[in-house]
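Shown below: data_22.csv, with CSV, C-alpha atoms.
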```csv
chain,number,residue,atom,x,y,z
D,1,MET,CA,94.7,-5.5,46.8
D,2,ALA,CA,95.9,-9.0,47.1
D,3,LEU,CA,98.0,-10.2,44.3
D,4,PRO,CA,96.9,-13.3,42.3
D,5,THR,CA,98.7,-16.4,43.3
D,6,HIS,CA,98.0,-18.4,40.1
D,7,THR,CA,97.2,-17.8,36.5
D,8,GLU,CA,95.4,-19.8,33.8
D,9,ALA,CA,97.7,-20.5,30.8
D,10,ALA,CA,97.6,-22.4,27.6
D,11,VAL,CA,100.5,-24.8,27.9
D,12,LEU,CA,102.4,-26.6,25.1
D,13,THR,CA,103.1,-30.1,26.4
D,14,GLY,CA,103.9,-31.9,23.1
D,15,HIS,CA,104.5,-30.9,19.5
D,16,HIS,CA,101.4,-30.9,17.3
D,17,ALA,CA,99.4,-31.5,20.5
D,18,PRO,CA,96.5,-29.3,21.6
D,19,LEU,CA,97.5,-26.7,24.1
D,20,GLU,CA,96.4,-27.6,27.6
D,21,LEU,CA,94.7,-25.0,29.9
D,22,ARG,CA,96.5,-25.2,33.2
D,23,GLU,CA,96.8,-23.3,36.4
D,24,LEU,CA,100.4,-22.1,37.0
D,25,PRO,CA,101.8,-20.5,40.2
D,26,LEU,CA,102.9,-16.9,40.2
D,27,PRO,CA,105.7,-15.5,42.4
D,28,ALA,CA,104.5,-14.3,45.8
D,29,GLU,CA,105.8,-10.8,44.9
D,30,PRO,CA,107.9,-9.3,42.1
D,31,GLU,CA,111.7,-9.2,42.5
D,32,PRO,CA,113.5,-5.9,42.2
D,33,GLY,CA,113.2,-4.8,38.6
D,34,ALA,CA,110.4,-7.2,37.8
D,35,ALA,CA,106.7,-6.7,37.1
D,36,LEU,CA,103.5,-8.7,37.3
D,37,VAL,CA,101.3,-7.9,34.3
D,38,ARG,CA,97.7,-8.7,33.4
D,39,LEU,CA,97.9,-9.4,29.7
D,40,THR,CA,95.6,-7.6,27.3
D,41,CYS,CA,97.0,-8.7,24.0
D,42,THR,CA,99.2,-11.4,22.6
D,43,THR,CA,99.9,-11.8,18.9
D,44,LEU,CA,101.2,-15.1,17.7
D,45,CYS,CA,104.4,-15.3,15.7
D,46,GLY,CA,105.8,-17.8,13.2
D,47,THR,CA,108.2,-18.9,15.9
D,48,ASP,CA,105.2,-20.0,18.0
D,49,VAL,CA,104.0,-22.1,15.1
D,50,HIS,CA,107.5,-23.6,14.6
D,51,LEU,CA,107.6,-24.5,18.3
D,52,TRP,CA,104.2,-26.0,18.2
D,53,THR,CA,105.0,-28.2,15.2
D,54,GLY,CA,108.4,-29.1,16.5
D,55,GLN,CA,110.3,-27.4,13.6
D,56,MET,CA,112.1,-25.5,16.4
D,57,SER,CA,112.8,-27.7,19.4
D,58,LEU,CA,115.3,-27.7,22.2
D,59,PRO,CA,116.0,-30.5,24.6
D,60,GLY,CA,114.0,-30.3,27.7
D,61,MET,CA,112.0,-27.2,26.6
D,62,LEU,CA,108.6,-28.6,27.4
D,63,PRO,CA,106.2,-27.8,29.1
D,64,MET,CA,106.2,-24.2,28.1
D,65,VAL,CA,103.8,-21.2,27.6
D,66,LEU,CA,104.0,-20.0,24.0
D,67,GLY,CA,103.9,-16.3,23.1
D,68,HIS,CA,106.6,-13.6,23.0
D,69,GLU,CA,104.7,-10.7,21.5
D,70,MET,CA,102.5,-9.3,24.2
D,71,VAL,CA,101.3,-6.2,26.0
D,72,GLY,CA,99.7,-5.8,29.4
D,73,GLU,CA,98.6,-3.7,32.4
D,74,VAL,CA,100.9,-3.6,35.4
D,75,VAL,CA,99.5,-5.2,38.5
D,76,ALA,CA,102.5,-4.9,40.7
D,77,THR,CA,106.2,-4.1,40.5
D,78,GLY,CA,109.3,-5.0,42.5
D,79,PRO,CA,111.6,-2.2,44.0
D,80,GLY,CA,113.3,-0.1,41.4
D,81,THR,CA,111.4,-1.3,38.4
D,82,THR,CA,111.8,1.2,35.5
D,83,ASP,CA,111.5,1.1,31.8
D,84,THR,CA,114.4,1.3,29.5
D,85,LEU,CA,114.3,5.1,29.5
D,86,GLY,CA,114.5,5.2,33.3
D,87,ARG,CA,110.9,6.0,33.9
D,88,GLU,CA,109.3,4.5,37.0
D,89,ILE,CA,106.8,1.8,36.2
D,90,ARG,CA,103.7,1.8,38.4
D,91,SER,CA,100.6,-0.3,38.9
D,92,GLY,CA,98.1,0.5,36.2
D,93,ASP,CA,100.7,1.4,33.5
D,94,ARG,CA,100.6,-0.2,30.1
D,95,ILE,CA,103.9,-1.7,29.1
D,96,GLY,CA,105.5,-3.8,26.4
D,97,TRP,CA,108.9,-5.5,26.7
D,98,SER,CA,111.7,-7.1,24.8
D,99,GLU,CA,113.4,-10.4,25.6
D,100,SER,CA,115.2,-11.0,28.8
D,101,THR,CA,119.0,-10.7,28.9
D,102,CYS,CA,121.5,-11.5,31.6
D,103,GLY,CA,123.7,-8.4,31.3
D,104,LYS,CA,126.8,-10.4,32.1
D,105,CYS,CA,127.8,-12.6,29.2
D,106,HIS,CA,130.2,-11.7,26.3
D,107,GLY,CA,127.2,-10.7,24.1
D,108,CYS,CA,125.8,-8.4,26.6
D,109,THR,CA,129.0,-6.8,27.9
D,110,ILE,CA,131.6,-7.0,25.2
D,111,LEU,CA,129.5,-6.9,22.0
D,112,ARG,CA,126.9,-4.8,23.7
D,113,GLU,CA,124.3,-6.6,21.6
D,114,PRO,CA,121.3,-7.9,23.6
D,115,VAL,CA,120.4,-10.3,20.7
D,116,ALA,CA,123.7,-12.1,21.4
D,117,CYS,CA,123.0,-12.8,25.0
D,118,GLU,CA,123.8,-16.4,25.9
D,119,SER,CA,120.6,-16.8,27.9
D,120,ARG,CA,118.3,-14.5,25.9
D,121,GLY,CA,114.7,-15.6,25.4
D,122,TYR,CA,111.1,-14.9,26.3
D,123,GLY,CA,108.2,-17.1,25.7
D,124,PHE,CA,110.3,-19.9,24.2
D,125,LEU,CA,113.1,-20.7,26.5
D,126,GLN,CA,111.4,-20.8,30.0
D,127,ARG,CA,109.7,-24.0,31.1
D,128,SER,CA,106.3,-23.5,32.7
D,129,ASP,CA,107.0,-26.0,35.6
D,130,ARG,CA,110.0,-23.9,36.9
D,131,PHE,CA,110.3,-20.5,38.5
D,132,PRO,CA,109.0,-18.0,37.4
D,133,TYR,CA,106.5,-20.3,35.5
D,134,ALA,CA,104.3,-17.9,33.5
D,135,THR,CA,106.6,-15.8,31.3
D,136,GLY,CA,104.9,-16.4,27.9
D,137,GLY,CA,102.0,-14.6,26.3
D,138,LEU,CA,99.3,-17.3,26.4
D,139,ALA,CA,98.4,-16.6,30.0
D,140,ARG,CA,96.1,-14.3,31.9
D,141,TYR,CA,99.0,-12.9,34.0
D,142,CYS,CA,102.6,-12.8,33.0
D,143,TYR,CA,105.7,-12.4,35.1
D,144,VAL,CA,108.1,-9.9,33.4
D,145,THR,CA,111.6,-10.7,34.7
D,146,PRO,CA,114.1,-8.2,35.9
D,147,GLY,CA,116.3,-8.8,32.9
D,148,ALA,CA,113.5,-8.0,30.4
D,149,ALA,CA,113.8,-4.5,28.9
D,150,LYS,CA,110.5,-2.8,29.5
D,151,LEU,CA,108.9,0.2,27.8
D,152,LEU,CA,106.0,2.4,28.9
D,153,LEU,CA,103.6,2.6,25.9
D,154,PRO,CA,102.0,5.8,24.5
D,155,ASP,CA,98.2,5.9,24.5
D,156,ASP,CA,97.9,6.4,20.8
D,157,VAL,CA,99.6,3.0,19.9
D,158,GLU,CA,97.1,0.1,19.7
D,159,ASP,CA,97.7,-3.0,21.7
D,160,THR,CA,98.1,-5.1,18.5
D,161,TRP,CA,100.7,-2.7,17.2
D,162,ALA,CA,102.7,-2.7,20.4
D,163,SER,CA,102.4,-6.5,20.7
D,164,MET,CA,103.6,-7.1,17.1
D,165,SER,CA,106.5,-4.8,17.8
D,166,GLY,CA,107.7,-7.3,20.4
D,167,CYS,CA,109.0,-9.6,17.6
D,168,ALA,CA,107.8,-9.1,14.0
D,169,GLY,CA,108.0,-5.3,14.0
D,170,LYS,CA,111.4,-5.1,15.6
D,171,THR,CA,112.8,-7.9,13.4
D,172,VAL,CA,111.9,-6.1,10.2
D,173,LEU,CA,113.2,-2.8,11.3
D,174,ARG,CA,116.5,-4.3,12.5
D,175,ALA,CA,116.9,-6.0,9.2
D,176,VAL,CA,116.5,-2.8,7.3
D,177,ALA,CA,119.0,-1.1,9.6
D,178,ARG,CA,121.5,-4.0,9.4
D,179,SER,CA,121.4,-3.8,5.6
D,180,GLY,CA,122.2,-0.1,5.6
D,181,GLY,CA,118.7,1.3,5.1
D,182,ILE,CA,116.5,1.6,2.0
D,183,ARG,CA,117.5,4.3,-0.4
D,184,PRO,CA,114.8,6.6,-1.9
D,185,ASN,CA,113.4,5.1,-5.1
D,186,ALA,CA,115.3,1.9,-4.5
D,187,THR,CA,114.1,-1.5,-5.9
D,188,VAL,CA,113.3,-4.0,-3.1
D,189,VAL,CA,112.5,-7.7,-3.2
D,190,VAL,CA,110.8,-9.2,-0.1
D,191,GLN,CA,110.9,-13.0,0.1
D,192,GLY,CA,108.0,-14.1,2.1
D,193,ALA,CA,104.3,-13.0,2.4
D,194,GLY,CA,103.7,-13.9,6.0
D,195,ALA,CA,103.3,-11.2,8.7
D,196,LEU,CA,107.0,-10.3,8.5
D,197,GLY,CA,107.0,-10.1,4.7
D,198,VAL,CA,103.8,-8.0,4.5
D,199,PHE,CA,105.1,-5.7,7.2
D,200,ALA,CA,108.5,-5.4,5.4
D,201,THR,CA,106.6,-4.6,2.2
D,202,ALA,CA,104.9,-1.7,4.0
D,203,VAL,CA,108.2,-0.6,5.6
D,204,ALA,CA,110.0,-0.5,2.2
D,205,ARG,CA,107.3,1.6,0.6
D,206,LEU,CA,107.1,4.0,3.6
D,207,CYS,CA,110.9,4.3,3.5
D,208,GLY,CA,110.6,5.6,-0.1
D,209,ALA,CA,111.3,2.5,-2.2
D,210,GLY,CA,110.1,3.0,-5.8
D,211,THR,CA,109.5,-0.7,-6.6
D,212,VAL,CA,108.6,-3.4,-4.1
D,213,ILE,CA,108.3,-7.0,-5.3
D,214,THR,CA,106.8,-9.4,-2.8
D,215,ILE,CA,107.4,-13.1,-3.4
D,216,GLY,CA,105.3,-15.7,-1.6
D,217,GLY,CA,101.9,-17.3,-1.3
D,218,PRO,CA,99.1,-18.2,-1.2
D,219,ASP,CA,97.4,-15.7,-3.5
D,220,ASP,CA,95.3,-14.1,-0.8
D,221,ARG,CA,98.4,-13.1,1.0
D,222,LEU,CA,99.9,-11.7,-2.1
D,223,ALA,CA,96.7,-9.6,-2.4
D,224,VAL,CA,97.3,-8.3,1.1
D,225,ALA,CA,100.9,-7.5,0.2
D,226,GLU,CA,99.6,-5.3,-2.6
D,227,ARG,CA,97.4,-3.4,-0.2
D,228,PHE,CA,100.5,-2.9,1.9
D,229,GLY,CA,102.5,-1.3,-0.9
D,230,ALA,CA,103.8,-4.1,-3.2
D,231,THR,CA,104.1,-2.8,-6.7
D,232,ALA,CA,104.3,-6.4,-8.0
D,233,THR,CA,104.0,-9.9,-6.6
D,234,VAL,CA,105.4,-13.2,-7.6
D,235,SER,CA,103.9,-16.5,-6.6
D,236,VAL,CA,106.0,-19.3,-5.0
D,237,GLU,CA,103.9,-21.7,-7.1
D,238,SER,CA,106.4,-20.9,-9.9
D,239,THR,CA,109.8,-22.5,-10.2
D,240,PRO,CA,113.0,-20.8,-8.8
D,241,ASP,CA,114.1,-20.1,-12.4
D,242,GLU,CA,110.8,-18.5,-13.2
D,243,ARG,CA,110.9,-16.3,-10.1
D,244,VAL,CA,114.4,-15.1,-11.0
D,245,GLU,CA,113.3,-14.4,-14.6
D,246,ARG,CA,110.2,-12.5,-13.4
D,247,VAL,CA,112.2,-10.3,-11.0
D,248,ARG,CA,114.7,-9.6,-13.8
D,249,GLU,CA,111.7,-8.5,-16.1
D,250,LEU,CA,110.2,-6.3,-13.3
D,251,THR,CA,113.6,-4.6,-12.7
D,252,GLY,CA,114.5,-4.0,-16.3
D,253,GLY,CA,117.2,-6.7,-16.2
D,254,ARG,CA,119.1,-4.9,-13.4
D,255,GLY,CA,117.9,-6.7,-10.3
D,256,ALA,CA,117.0,-5.3,-6.9
D,257,ASP,CA,119.0,-2.9,-4.8
D,258,HIS,CA,117.8,-4.6,-1.6
D,259,VAL,CA,116.7,-8.2,-1.1
D,260,PHE,CA,115.1,-9.3,2.3
D,261,ASP,CA,114.7,-13.0,3.1
D,262,PHE,CA,111.7,-13.4,5.5
D,263,ALA,CA,110.9,-16.9,4.1
D,264,GLY,CA,113.6,-19.4,4.6
D,265,GLY,CA,113.6,-22.5,2.5
D,266,PRO,CA,116.3,-24.5,0.6
D,267,THR,CA,116.4,-22.2,-2.5
D,268,VAL,CA,116.0,-18.8,-0.8
D,269,GLY,CA,119.7,-18.0,-0.5
D,270,ALA,CA,120.5,-18.8,-4.2
D,271,GLU,CA,117.4,-16.9,-5.3
D,272,ALA,CA,118.2,-13.9,-3.1
D,273,VAL,CA,121.7,-13.6,-4.7
D,274,ALA,CA,120.2,-14.0,-8.2
D,275,PHE,CA,117.6,-11.3,-7.5
D,276,ALA,CA,120.2,-8.7,-6.3
D,277,ALA,CA,121.6,-6.0,-8.5
D,278,GLN,CA,125.2,-5.2,-8.8
D,279,ARG,CA,126.4,-3.9,-5.4
D,280,GLY,CA,123.1,-4.7,-3.9
D,281,THR,CA,122.4,-5.8,-0.4
D,282,VAL,CA,120.9,-9.1,0.8
D,283,ALA,CA,119.5,-9.4,4.4
D,284,ILE,CA,119.1,-13.0,5.7
D,285,VAL,CA,116.4,-13.0,8.3
D,286,GLY,CA,114.1,-16.0,7.8
D,287,SER,CA,116.6,-18.8,7.1
D,288,THR,CA,116.7,-20.4,10.6
D,289,GLY,CA,117.6,-23.9,11.5
D,290,PRO,CA,120.7,-26.1,10.8
D,291,ALA,CA,119.8,-27.2,7.3
D,292,PRO,CA,122.4,-25.8,4.8
D,293,SER,CA,121.2,-23.4,2.1
D,294,PRO,CA,123.4,-23.2,-1.0
D,295,VAL,CA,124.6,-19.8,-2.0
D,296,PRO,CA,126.7,-19.2,-5.2
D,297,LEU,CA,129.7,-17.3,-3.7
D,298,GLY,CA,131.1,-16.6,-7.1
D,299,THR,CA,128.0,-14.5,-7.8
D,300,VAL,CA,128.3,-12.8,-4.5
D,301,MET,CA,131.9,-11.8,-5.4
D,302,GLY,CA,131.1,-10.9,-9.0
D,303,LYS,CA,128.2,-8.7,-8.1
D,304,GLU,CA,130.1,-7.3,-5.1
D,305,LEU,CA,127.1,-7.9,-2.9
D,306,THR,CA,126.8,-7.0,0.8
D,307,ILE,CA,125.2,-9.8,2.7
D,308,ALA,CA,123.9,-9.2,6.3
D,309,GLY,CA,122.5,-11.6,8.8
D,310,SER,CA,119.9,-10.1,11.1
D,311,LEU,CA,118.6,-11.8,14.2
D,312,ASN,CA,115.3,-10.6,15.7
D,313,GLY,CA,115.8,-7.4,17.5
D,314,ASP,CA,116.3,-5.7,20.9
D,315,ILE,CA,114.6,-3.0,23.0
D,316,ALA,CA,116.0,-0.3,20.7
D,317,ASP,CA,114.3,-2.0,17.7
D,318,TYR,CA,111.1,-2.5,19.8
D,319,HIS,CA,111.0,1.2,20.5
D,320,ARG,CA,111.6,2.1,16.9
D,321,SER,CA,108.8,-0.3,15.9
D,322,VAL,CA,106.3,1.4,18.3
D,323,GLU,CA,107.3,4.8,17.0
D,324,PHE,CA,107.0,3.6,13.4
D,325,PHE,CA,103.4,2.6,14.0
D,326,ARG,CA,102.8,6.0,15.6
D,327,ALA,CA,104.3,7.9,12.7
D,328,PHE,CA,102.5,5.9,10.0
D,329,SER,CA,99.3,5.0,11.8
D,330,ALA,CA,97.1,6.2,9.0
D,331,ARG,CA,99.3,5.2,6.0
D,332,MET,CA,98.5,1.5,5.9
D,333,PRO,CA,95.5,-0.7,6.6
D,334,TRP,CA,97.3,-2.2,9.7
D,335,ALA,CA,94.1,-3.8,11.0
D,336,GLU,CA,94.2,-6.3,8.1
D,337,LEU,CA,97.3,-7.9,9.7
D,338,PHE,CA,95.3,-9.1,12.7
D,339,SER,CA,92.6,-11.7,13.2
D,340,ALA,CA,89.7,-11.1,15.5
D,341,PRO,CA,90.8,-11.8,19.1
D,342,VAL,CA,90.0,-15.0,20.9
D,343,GLY,CA,90.5,-16.1,24.5
D,344,LEU,CA,92.9,-18.7,25.9
D,345,ALA,CA,90.4,-21.4,25.0
D,346,GLY,CA,90.8,-20.5,21.4
D,347,ALA,CA,94.6,-20.3,21.4
D,348,SER,CA,95.2,-23.9,20.3
D,349,ALA,CA,92.9,-23.5,17.3
D,350,ALA,CA,94.7,-20.2,16.5
D,351,VAL,CA,98.1,-21.8,16.4
D,352,GLU,CA,96.8,-24.6,14.2
D,353,SER,CA,95.2,-22.1,11.9
D,354,MET,CA,98.4,-20.2,11.5
D,355,SER,CA,100.3,-23.4,10.8
D,356,ARG,CA,98.2,-24.0,7.7
D,357,LEU,CA,98.4,-20.3,6.6
D,358,GLY,CA,94.8,-19.7,7.7
D,359,GLU,CA,95.6,-16.2,9.1
D,360,LEU,CA,98.5,-13.8,9.1
D,361,LYS,CA,98.5,-12.8,12.8
D,362,ALA,CA,96.4,-14.5,15.3
D,363,VAL,CA,95.4,-12.3,18.3
D,364,ILE,CA,94.8,-13.7,21.8
D,365,ASP,CA,93.1,-11.5,24.5
D,366,PRO,CA,93.3,-13.6,27.7
D,367,ARG,CA,90.5,-11.5,29.2
D,368,LEU,CA,88.1,-13.1,26.9
D,369,PRO,CA,86.4,-16.4,27.8
```
Please express what this file holds, its structure, as structure tokens.
Amino acid sequence: MALPTHTEAAVLTGHHAPLELRELPLPAEPEPGAALVRLTCTTLCGTDVHLWTGQMSLPGMLPMVLGHEMVGEVVATGPGTTDTLGREIRSGDRIGWSESTCGKCHGCTILREPVACESRGYGFLQRSDRFPYATGGLARYCYVTPGAAKLLLPDDVEDTWASMSGCAGKTVLRAVARSGGIRPNATVVVQGAGALGVFATAVARLCGAGTVITIGGPDDRLAVAERFGATATVSVESTPDERVERVRELTGGRGADHVFDFAGGPTVGAEAVAFAAQRGTVAIVGSTGPAPSPVPLGTVMGKELTIAGSLNGDIADYHRSVEFFRAFSARMPWAELFSAPVGLAGASAAVESMSRLGELKAVIDPRLP
């Protein structure tokens, strides 16, 4: 069968501008270790929204194809293409993948941390007018580069679950691991009620937390958080002092054993430290960007807090997320995280809707019209 030479893609050409449907070239044949994939599901991430709005912007990044949470069916592979466990990848296989890494920089070779790769990125660092062109999720076909860590997917994991594992799922599970895990019957505060915060709420409960307090908004998202295991919610419509006082009330004055920032914002750091109990842990995950966030270091010292930064995740975290969904497939109403799928023609409206908190997790199925 002849390989496709071009693919339709929804291309970001300007911040806050509608995505443009364009035809992009595809490589004539996959390189060794690479794969050409027909996408079956792309879930949009908060990063996609930030790129669209310009809150995240890098010089010379446009035009680009958004989307870094995706799953697809393999159309063709280059010589020696295997998944991260050494299993051969063949045409017709369903795969997911983590971000591309170079394997040669200090982060890859000395730190042995893929998230520290100097050229790491997928769906937000590759321009769509340069080889290999279509590497993002808002396309009918995607070129999965040799440096991307790939994973053959089990049949009992839904496309949406595997797709979300590509960023949101692995980000949450890495943050839990970076902060030392959640102790049984622990008290947890989750800052943020987006897809990351809701998933983190579920993870905390399924890990055995006794009390999980989710802070965020709007109210409909807090209601979703309750269905995913929150024992209490606190609205961001209140003031920082009111939020701190409410958490203190809900924890009997002691504070939380674990605090997870999935929200960002100028007061998140100070609030996280205030929420934490003596010798508690604070994981900073959502506070991206160059703007400083004040943190009372005297309180960090006085409470003897452990503060961990956690950046996204790698193929190990991706694998753990896929297995997490398998293990707890019937324990949470996972389908509530995802909107009804739309085709590429609806991708622009989906990004805009997420930007105004209209949906938690937009789903694009490029096979749809």
Check your understanding: With distances taken over only C-alpha atoms, which of D:His15, D:Pro184, D:His68, D:Asp241 is nearest to D:Gln55?
Key -> D:His15
Dump as a tab-separated table the rows for residues of stretch 165-280 of chain D within 12 Å of stretch 86-96 of chain D: closest atom pair and distance in Å with one decimal, all atoms listed in the file counted, ordered by chain and rising residue number.
```
residue	atom	partner	partner_atom	distance
D:Ser165	CA	D:Gly96	CA	8.7
D:Gly166	CA	D:Gly96	CA	7.3
D:Cys167	CA	D:Gly96	CA	11.1
```
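One finds atom CA of D:Val295 at 5.4 Å from atom CA of D:Gly269.
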Practice item. Tell me which of D:Ser163, D:Ser235, D:Thr267, D:Thr81 sits closest to D:Ala362, counting all atoms listed in the file. Key: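 Using all atoms listed in the file, the shortest distance to D:Ala362 belongs to D:Ser163.
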**Study point:** Point-to-point distance in Å for atom CA of D:Val244 and atom CA of D:Pro292
**Key:**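 Separation between atom CA of D:Pro292 and atom CA of D:Val244: 20.7 Å.
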Practice item. Within 7 Å of stretch 357-361 of chain D, counting all atoms listed in the file, which residues show up once you throw out same-chain ones fewer than 4 positions away? Write them as a list of chain:residue names, please. Key: D:Thr43, D:Leu44, D:Gly194, D:Ala195, D:Leu337, D:Phe338, D:Ser339, D:Ser353
Check your understanding: Which is closest to D:Ile307 among D:Ala232, D:Cys207, D:Cys142, D:Ala175, if we use all atoms listed in the file?
Key ->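 The closest residue to D:Ile307 is D:Ala175.
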**Study point:** Contact residues around stretch 154-156 of chain D with all atoms listed in the file at 10 Å, ignoring same-chain residues under 2 positions, as number ranges by chain
**Key:** D: 94-95, 151-152, 158-159, 162, 322-323, 325-326, 329
For C-alpha atoms, I'd like the residues from the last selection saved as a PDB file, in the frame of the given file.
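Heads up, here's the output in result_24.pdb:
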```pdb
ATOM      1  CA  ARG D  94     100.600  -0.200  30.100  1.00  0.00           C
ATOM      2  CA  ILE D  95     103.900  -1.700  29.100  1.00  0.00           C
ATOM      3  CA  LEU D 151     108.900   0.200  27.800  1.00  0.00           C
ATOM      4  CA  LEU D 152     106.000   2.400  28.900  1.00  0.00           C
ATOM      5  CA  GLU D 158      97.100   0.100  19.700  1.00  0.00           C
ATOM      6  CA  ASP D 159      97.700  -3.000  21.700  1.00  0.00           C
ATOM      7  CA  ALA D 162     102.700  -2.700  20.400  1.00  0.00           C
ATOM      8  CA  VAL D 322     106.300   1.400  18.300  1.00  0.00           C
ATOM      9  CA  GLU D 323     107.300   4.800  17.000  1.00  0.00           C
ATOM     10  CA  PHE D 325     103.400   2.600  14.000  1.00  0.00           C
ATOM     11  CA  ARG D 326     102.800   6.000  15.600  1.00  0.00           C
ATOM     12  CA  SER D 329      99.300   5.000  11.800  1.00  0.00           C
TER      13      SER D 329
END
```
Practice item. Counting all atoms listed in the file, write as an MDAnalysis selection string all protein and nucleic acid residues lying at most 7 Å from (107.5, -12.3, -6.5) in the file's frame. Key: chainID D and resid 213:216 232:235 243 247
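Proximity of D:Val268, D:Cys102, D:Ala330, D:Val115 to D:Pro240, computed with all atoms listed in the file, is greatest for D:Val268.
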Review point. So how far away is atom CA of D:Ala177 from atom CA of D:Ser310, in Å?
Key: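 About the pair atom CA of D:Ser310 and atom CA of D:Ala177: they are 9.2 Å apart.
All residues of protein, DNA or RNA that reach within 9 Å of D:Leu344, judged by only C-alpha atoms and not counting those fewer than 4 positions away in the chain, are Glu8, Ala9, Ala10, Leu21, Leu138, Ala139, Arg140, Ser348, Ile364, Asp365, Pro366, Arg367, Leu368 and Pro369 of chain D.
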Revision key, fill the gap. Judged by all atoms listed in the file, the minimum distance to D:Gln126 among D:Val65, D:Met70, D:Cys41, D:Leu85 is found for D:Val65
Review point. With all atoms listed in the file as the atoms that count, which of D:Pro18, D:His50, D:Asp314, D:Leu36 lies nearest to D:Arg120?
Key: D:Asp314
Review point. Could you pull the residues within 10 Å of D:Ser119, counting only C-alpha atoms, minus those fewer than 4 positions along the same chain, as a list in words?
Key: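 Final neighbour list, sorted by chain and number: Glu99, Ser100, Thr101, Cys102, Gly103, Lys104, Cys105, Gly107, Cys108, Pro114, Val115 and Leu125 of chain D.
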Prev. selection, C-alpha atoms, output as a short mmCIF file (atom, residue, chain, number, x, y, z; two decimals), in the coordinates of the input:
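Now in out_33.cif:
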```cif
data_model
loop_
_atom_site.label_atom_id
_atom_site.label_comp_id
_atom_site.auth_asym_id
_atom_site.auth_seq_id
_atom_site.Cartn_x
_atom_site.Cartn_y
_atom_site.Cartn_z
CA GLU D 99 113.40 -10.40 25.60
CA SER D 100 115.20 -11.00 28.80
CA THR D 101 119.00 -10.70 28.90
CA CYS D 102 121.50 -11.50 31.60
CA GLY D 103 123.70 -8.40 31.30
CA LYS D 104 126.80 -10.40 32.10
CA CYS D 105 127.80 -12.60 29.20
CA GLY D 107 127.20 -10.70 24.10
CA CYS D 108 125.80 -8.40 26.60
CA PRO D 114 121.30 -7.90 23.60
CA VAL D 115 120.40 -10.30 20.70
CA LEU D 125 113.10 -20.70 26.50
#
```
Point to revise | Test item: residues at most 10 Å from D:Met332, all atoms listed in the file, excluding those fewer than 6 positions along its chain, as a ChimeraX atom specification | key: /D:199,202-203,206,227-229,325
